[in-house]
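Single-structure report; data block below.
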Amino acid sequence: MVFNTDVTANFWAVAPEIALAIIGLIVLGLDLYSRESQRRDVGYFAGFLLLALAAATVFVPTPDGSLSEQLVLGGMLRHDQFTQIFRTMIYIAAALTCFIAMGDNRMRYKGEFYLLVIVATIGASLLAGASDLVMVFVALETLSISLYALAGFVRDDARSAESGLKYFLIGSFATGFTLYGFSLLYGFTGATQIYGPDGIGQQLAAGKLNDAPIIVAMMMIVVGFGFKISAVPFHFWTPDVYEGSPTAMTAFVSVASKAASFAVLLRFMLAVFPPEKLAVGAAADYSELWVPLISVLAVITMTIGNVVALVQKNIKRLLAYSSIAQAGYALMGVAAIATTDGGQGAASVAFYMFMYILTNILAFGCIIVFANATGSETIADFASLGRRNLWLAMFMTIALLSLGGIPPAAGFIGKFYLFRAAVDADLILLAVAGVLNSIIALYYYLVIIKVMFVDPSPDEDKDIPMPANYAWVLGAASLAVVLLGTVLANPVIDWATQAGLELFI
Amino acid sequence: MESGILTGIVAVPSFAALIILFLKKDQKQEARVIAAAATLVSLLLSAFVFFSYNVDEANAVNAANRTDAQGDLYFAFEDDITWIEELGISYHVGVDGVSAAMILLTGLASFAGVLISWRIDDRPREFMAFFLLLVVGVYGVFVSVDMFLLFFFYELAIFPMYFLIAGWGWVELREYAAMKLTLYILVGSIVALVGFLAMYFQAAEVNGFYSFDFQDLYHAAKSGAFDDPGYLGIDGLTLARFWFPSVFIGMAVLAGLFPFHNWSPDGHVAAPTAVSMIHAGVLMKLGAFAAMRLGIQLLPDGARVHLPWIVFLALTNIVWGAFIAFRQRDFKYVIGFSSVSHMGLVSLGMATMNITGLTGAGLQMFSHGVMTALFFTCVGLVYEQAHTRDLPSLGGFIYKMPLVGLAFILGGLVSMGMPGLSGFIAEFPILIGVWRGVPEGVAAATQGDVPYLLQNAISTSSNGSYYTYIVIFAVLGIILTAAYVLRVVGQVFFGEFNEERFPGVKDISVLDRIAILSLMVWLVLLGIFPSMMSDVIESGMQPVVDLLSTRFGG
């Protein structure tokens, strides 16, 4: 396999990660040399730099044309638009996380929180482009270990410590599965490179290998990634970790880690177990196996997620189950990639993740403001929020509507795009399961909205203050969610489509 | 042709809603005034659209369409901007005859609704903002030519509706009713969406490009793309036949089609007056309109096979709805069930698949919309002062509120189909249309395609199709209507007024009068000059019938 050895191209491919590393070092330095009262500014600094990086990443050129041009650093990374779109959304997620973390007294004065977020972002960002088993693993671990630390960040809070430990134990267990799958693949093909004529994908497609170990490896890898995206039945850590971790960390783990894992899942499935479209005339088509597998996983995930969410009393637990369900919807797009035209399956997942990142961080940001003022995370305590702070209630409403798939919020187009991909791939039953689920989901989202605007509360007259910086961040995120569902839908879908197409080069 | 008027109709209330949200908590009057101004502007614009709608031009295009396989449908005041190119979605709005009448109806009901809601003192800011958002959704559905846009606005209308009912509705029922209504409508629309996506992909195979534009879907329908046998590998099954029930009934849930009407009486009763007006007056039409557009117009092959049994559902609506309305003790439930009954007439008119019945259905949508908005206004005004809707304990209200009594009686006469009023010019064509039955060519072509039981029955009108018998039963519904309307008029407005039970009942305010009169005038006007609207609606319904006859013989 020939790789791109052009120095400039190689530099651009990892320029964002280099920038991230520099930002991380600066944050560390600032943290050391500034007084405690000024440390909150470290968060601003990190947030704005990450936002700038997200904007700049859009303009980073990618080598176009062929696979050999796009494979850089000796085939460790593939630098294409698919990598780019996922990187950008991960940076946006990291920036927003820094902004919403600043109101939490337990974190705002600690520079290492921001540093951990940045390191996790480097891992997630590399994961989006990884095209070699080794790289996938290294990136996955960089991401995961930072997240374990973040989950247990508030050491003196028993819940946070518990969730950190839980996340660590279950996460490493899942990593073990992934690694075992990788080792099987390596053992049978002798390659770690997933692309190329002698890469794993083409070797498997040639059909000269024994099916059984390959299938076992596939299962192992799906289980490993299933943990990361919290697909049922590998979701048990999700509610506990979401509930126990500091809310800003919950927001980050619910979006950035999930988006990166979806990126790698899409790329991995297409490259390692190529469907007919990618390996014409291949002797073995493993997509006949993994498409039904992912479809079943999607249906179970969204159904269990939604049904269990119905009975939740704690808002963070509810959002945990809702995020399980959201992963189920996105899995529909993964199941659809093998057969849809022009990478529309991958494009729909990319768009969905873009929308989901903004939406979920918005929701968790609202929860932070609410919990800071009232000290409660119980849904019933959201009663009369509409009277206590109309704008906070409106921001939360926009987030919930977007999660529920109601226009003009972006969730509507996101869901629509996924259903379209599923119908396009002739997975009609999957699409039907998806639409039925989105109705169940709408029920519990509407109940929260009802609680906020209809239910009476003894504290009705007590206003909930929203700090100005939160008003700006949440306002901007709400606006972004609405714009993404209306006028900005076209450019982002264009980009996602381009990204999806490049997966098929 | 870019005109911007329809965009204005949709944009004005949306901006007004945004401005209202930025007001302060105690700026109640400002919120009301802005809402009234915005709905008035939209009403005037839609009246302009309706009255400047060029029927001759539309008919010329329709005539050309009959022979030209590539011809486009007629839409006036179009705006067309590409939105999401990759998926073939554009912001394409325009009106044909039917939607021109419907946006006028929306304008009337929304303006009157704001005036009636003037006295709402609990968070009028939020109420008005969400009411305007609801109005935006409704307008949007009627003017959408792009079908993705239609779904977009359709779903957009659902949330504010839930919110308005749950937040300002009748305390005892509101949460239950709001949730039930929302879920029913949502399930319906999403079931329709899946079928619609199947159409979209099928059309793309014929057209060679993805498009949600109604014109492109219509071309596909015209070329028979949805009628290829062997769909899903089953002999004799076509895409149209397979998906028609889900598309048509999914949308008709919002039109209150039996047995999916259950949300509607509860929803109407629980909603605050203005929302009941929009809801029964306009939203139910939105369901019927979308069912007609996506179902009958795009899937004629499904329509001819399925409508002959759906007609029984429509009939059940009419008779059963009227029966239940007759049995109610609650004033508002009577009107709620009367809406179910009257919307049955709309479905019945559509099930005829001939121009007379379809035009009647369109007229009934308008006439019933105005009439039921008026009914709910009257109920709301009486309830506001009497604090009860229990029919036996009311009485004599015409002496205290003469205009309300008069309005209710007028509405009652309209709903009975009294000649000289709009109800007659709407219901009469529907019944004639049903009597004529399914167009002969279509009926003949359908013989082999429907189950045994329906075969003889829908033959041609001359050898006795069962459509003739349906007329007889439908008329029964109208008689029942007369019965319950007269009963309510007698119990609420005449008889002894109980001063002790209802102390201090005052006459209505000037704003209420304006609202009532602005609705009443249309019931009379339309009754006297029916052609003002029937020609417009007919020009919009004609392509539906033409497509049926070009595909399956007139």
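Residue numbering restarts at 1 for every chain of the structure tokens, chains are lettered A, B, ... in their displayed order, and ligands are numbered from 1 as they appear.
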
Q: Using only C-alpha atoms, determine which residues lie at most 10 Å from Leu418 (chain A), disregarding the query and same-chain residues fewer than 2 positions distant; provide the list as a PyMOL selection string.
A: chain A and resi 329-334+336+344-349+351-352+413-416+420-424+431+434

Q: Write out as a PyMOL selection string every residue belonging to chain B that has an atom at most 6 Å from any atom of chain A, counting only C-alpha atoms.
A: chain B and resi 84+156+167

(Q) as a PyMOL selection string, please: every residue in region 391-465 of chain A that DSSP puts in helix (DSSP H, G or I). (A) chain A and resi 391-404+410-424+428-453

Q.
So that I can check the surroundings of region 197-213 of chain B, please list as a ChimeraX atom specification every protein, DNA and RNA residue that reaches within 10 Å of it, counting only C-alpha atoms and ignoring chain neighbours fewer than 3 positions away.
A. /A:416,419-421,423-424,426,428 /B:85-93,144-150,192-194,216-221,223-226,239-240,243,294,298-299

Could those selected residues go to a file with N, CA and C atoms, as a compact mmCIF listing (two decimals), in the first residue's frame?
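Output file again.txt is given in full below:
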```txt
# COMPACT_ATOMS: atom_id res chain seq x y z
N PHE A 416 -35.39 12.53 10.46
CA PHE A 416 -35.92 12.34 9.12
C PHE A 416 -34.86 11.74 8.19
N PHE A 419 -34.31 8.09 9.05
CA PHE A 419 -35.40 7.25 8.55
C PHE A 419 -35.30 7.09 7.04
N ARG A 420 -34.95 8.19 6.41
CA ARG A 420 -34.82 8.16 4.96
C ARG A 420 -33.72 7.16 4.56
N ALA A 421 -32.61 7.21 5.28
CA ALA A 421 -31.53 6.28 4.96
C ALA A 421 -31.99 4.84 5.16
N VAL A 423 -35.07 3.63 5.01
CA VAL A 423 -36.01 3.24 3.95
C VAL A 423 -35.24 3.02 2.65
N ASP A 424 -34.26 3.88 2.41
CA ASP A 424 -33.46 3.77 1.20
C ASP A 424 -32.72 2.43 1.16
N ASP A 426 -33.79 -0.24 2.22
CA ASP A 426 -34.81 -1.28 2.28
C ASP A 426 -34.94 -1.92 3.66
N ILE A 428 -37.18 -1.40 5.91
CA ILE A 428 -38.44 -0.74 6.24
C ILE A 428 -38.86 -1.01 7.68
N GLU B 85 -30.31 20.64 -0.78
CA GLU B 85 -30.19 20.19 -2.15
C GLU B 85 -30.03 18.67 -2.24
N GLU B 86 -29.20 18.16 -1.36
CA GLU B 86 -28.84 16.74 -1.40
C GLU B 86 -30.08 15.84 -1.33
N LEU B 87 -31.07 16.24 -0.56
CA LEU B 87 -32.26 15.40 -0.37
C LEU B 87 -33.41 15.86 -1.25
N GLY B 88 -33.19 16.86 -2.07
CA GLY B 88 -34.27 17.34 -2.93
C GLY B 88 -35.34 18.09 -2.17
N ILE B 89 -34.92 18.83 -1.16
CA ILE B 89 -35.89 19.59 -0.37
C ILE B 89 -35.75 21.05 -0.72
N SER B 90 -36.88 21.69 -0.97
CA SER B 90 -36.80 23.13 -1.21
C SER B 90 -37.87 23.82 -0.40
N TYR B 91 -37.63 25.10 -0.16
CA TYR B 91 -38.67 25.91 0.46
C TYR B 91 -39.57 26.36 -0.68
N HIS B 92 -40.56 25.57 -0.99
CA HIS B 92 -41.42 25.86 -2.13
C HIS B 92 -42.84 26.04 -1.62
N VAL B 93 -43.32 27.26 -1.66
CA VAL B 93 -44.70 27.51 -1.24
C VAL B 93 -45.51 28.03 -2.42
N SER B 144 -47.54 24.83 1.69
CA SER B 144 -46.39 24.05 1.25
C SER B 144 -46.66 23.34 -0.07
N VAL B 145 -45.74 23.51 -0.99
CA VAL B 145 -45.78 22.72 -2.22
C VAL B 145 -44.75 21.60 -2.11
N ASP B 146 -43.70 21.90 -1.36
CA ASP B 146 -42.72 20.86 -1.09
C ASP B 146 -43.26 20.01 0.06
N MET B 147 -43.27 18.70 -0.11
CA MET B 147 -43.94 17.87 0.87
C MET B 147 -43.13 17.67 2.14
N PHE B 148 -41.82 17.84 2.04
CA PHE B 148 -41.04 17.82 3.28
C PHE B 148 -41.42 19.02 4.13
N LEU B 149 -41.57 20.14 3.47
CA LEU B 149 -41.97 21.36 4.15
C LEU B 149 -43.33 21.16 4.82
N LEU B 150 -44.20 20.44 4.13
CA LEU B 150 -45.52 20.15 4.70
C LEU B 150 -45.37 19.40 6.02
N ALA B 192 -47.87 8.03 8.32
CA ALA B 192 -47.98 8.55 6.96
C ALA B 192 -46.60 8.84 6.38
N LEU B 193 -45.70 9.29 7.23
CA LEU B 193 -44.37 9.66 6.76
C LEU B 193 -43.62 8.47 6.15
N VAL B 194 -43.75 7.31 6.78
CA VAL B 194 -43.04 6.15 6.25
C VAL B 194 -43.55 5.82 4.85
N ASP B 216 -42.95 17.22 -8.81
CA ASP B 216 -42.19 16.05 -9.25
C ASP B 216 -42.89 14.76 -8.84
N LEU B 217 -43.44 14.77 -7.62
CA LEU B 217 -44.18 13.59 -7.18
C LEU B 217 -45.41 13.39 -8.06
N TYR B 218 -46.03 14.52 -8.42
CA TYR B 218 -47.21 14.46 -9.27
C TYR B 218 -46.86 13.88 -10.64
N HIS B 219 -45.73 14.31 -11.20
CA HIS B 219 -45.30 13.75 -12.49
C HIS B 219 -45.11 12.24 -12.38
N ALA B 220 -44.51 11.83 -11.26
CA ALA B 220 -44.30 10.40 -11.07
C ALA B 220 -45.63 9.67 -11.00
N ALA B 221 -46.58 10.27 -10.25
CA ALA B 221 -47.90 9.65 -10.13
C ALA B 221 -48.56 9.55 -11.50
N SER B 223 -47.12 9.35 -14.39
CA SER B 223 -46.51 8.34 -15.26
C SER B 223 -46.76 6.93 -14.73
N GLY B 224 -47.52 6.84 -13.65
CA GLY B 224 -47.87 5.51 -13.14
C GLY B 224 -46.80 4.86 -12.32
N ALA B 225 -45.87 5.67 -11.80
CA ALA B 225 -44.75 5.09 -11.06
C ALA B 225 -45.21 4.35 -9.81
N PHE B 226 -46.35 4.78 -9.25
CA PHE B 226 -46.79 4.15 -8.01
C PHE B 226 -47.74 2.98 -8.26
N LEU B 239 -47.47 -0.19 -5.14
CA LEU B 239 -47.04 0.69 -4.05
C LEU B 239 -48.22 1.52 -3.56
N ALA B 240 -49.00 2.02 -4.50
CA ALA B 240 -50.12 2.88 -4.13
C ALA B 240 -51.10 2.14 -3.23
N TRP B 243 -49.50 1.43 0.35
CA TRP B 243 -49.25 2.54 1.25
C TRP B 243 -50.42 3.49 1.40
N LEU B 294 -51.68 14.06 -0.27
CA LEU B 294 -50.72 12.97 -0.33
C LEU B 294 -51.39 11.66 -0.72
N LEU B 298 -51.89 11.83 -5.06
CA LEU B 298 -50.66 11.17 -5.51
C LEU B 298 -50.82 9.67 -5.69
N LEU B 299 -51.79 9.07 -5.03
CA LEU B 299 -51.94 7.62 -5.11
C LEU B 299 -53.32 7.24 -5.63
```

Q. Using only C-alpha atoms, which of B:Ile432, B:Leu480, B:Asp228, B:Leu421 sits nearest His342 (chain B)?
A.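 Answer, going by the shortest atom-to-atom distance: B:Leu480.
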
Q.
When you look at Lys110 (chain A) with a cut-off of 9 Å (counting only C-alpha atoms), what residues show up, excluding the ones that are within fewer than 4 positions of it in the same chain? I need them as an MDAnalysis selection string.
A. chainID A and resid 31 36 39:40 42:43 106 114

Output for the residues just chosen: C-alpha atoms as a PDB file, in the first residue's frame:
```
ATOM      1  CA  ASP A  31      -3.315  26.845  35.791  1.00  0.00           C
ATOM      2  CA  GLU A  36      -7.026  30.500  42.346  1.00  0.00           C
ATOM      3  CA  ARG A  39      -8.489  30.183  37.343  1.00  0.00           C
ATOM      4  CA  ARG A  40     -11.978  30.406  35.988  1.00  0.00           C
ATOM      5  CA  VAL A  42      -8.567  29.313  32.188  1.00  0.00           C
ATOM      6  CA  GLY A  43     -11.917  27.831  31.232  1.00  0.00           C
ATOM      7  CA  ARG A 106     -16.342  22.016  42.124  1.00  0.00           C
ATOM      8  CA  TYR A 114      -9.974  21.597  31.225  1.00  0.00           C
TER       9      TYR A 114
END
```

Q.
With only C-alpha atoms as the counted atoms, please give the residues lying no more than 10 Å from Leu21 (chain B), apart from itself and same-chain residues fewer than 4 positions off, as number ranges by chain.
A. A: 390-391, 394; B: 15-17, 25, 31, 125-130

How would the residues just chosen look if you wrote them out with C-alpha atoms as a tab-separated table (two decimals), in the first residue's frame?
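out11.tsv, freshly written:
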```tsv
chain	number	residue	atom	x	y	z
A	390	LEU	CA	-38.85	31.73	31.13
A	391	TRP	CA	-35.68	31.71	29.06
A	394	MET	CA	-37.34	27.86	26.68
B	15	PHE	CA	-41.51	37.12	14.04
B	16	ALA	CA	-44.34	38.40	16.17
B	17	ALA	CA	-44.03	35.30	18.38
B	25	LYS	CA	-43.49	39.52	32.20
B	31	ALA	CA	-48.35	40.91	23.86
B	125	ARG	CA	-47.18	36.56	26.82
B	126	GLU	CA	-46.51	32.84	26.60
B	127	PHE	CA	-50.04	32.10	25.44
B	128	MET	CA	-49.87	34.50	22.53
B	129	ALA	CA	-46.38	33.43	21.50
B	130	PHE	CA	-47.37	29.79	21.33
```

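The space separating CA of Ala298 (chain A) from CA of Leu169 (chain A) comes to 24.8 Å.
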
Q: Pick out the residues sitting within 12 Å of Val296 (chain A), and hand them over as a PyMOL selection string; count only C-alpha atoms, and ignore anything fewer than 2 positions along from it in its own chain.
A: chain A and resi 231-233+289-294+298-303+328-329+331-332+334-335+427+429-431+433-434

Q: Find the distance between CA of Pro458 (chain A) and CA of Leu392 (chain A) and write it in Å to one decimal.
A: 18.6 Å
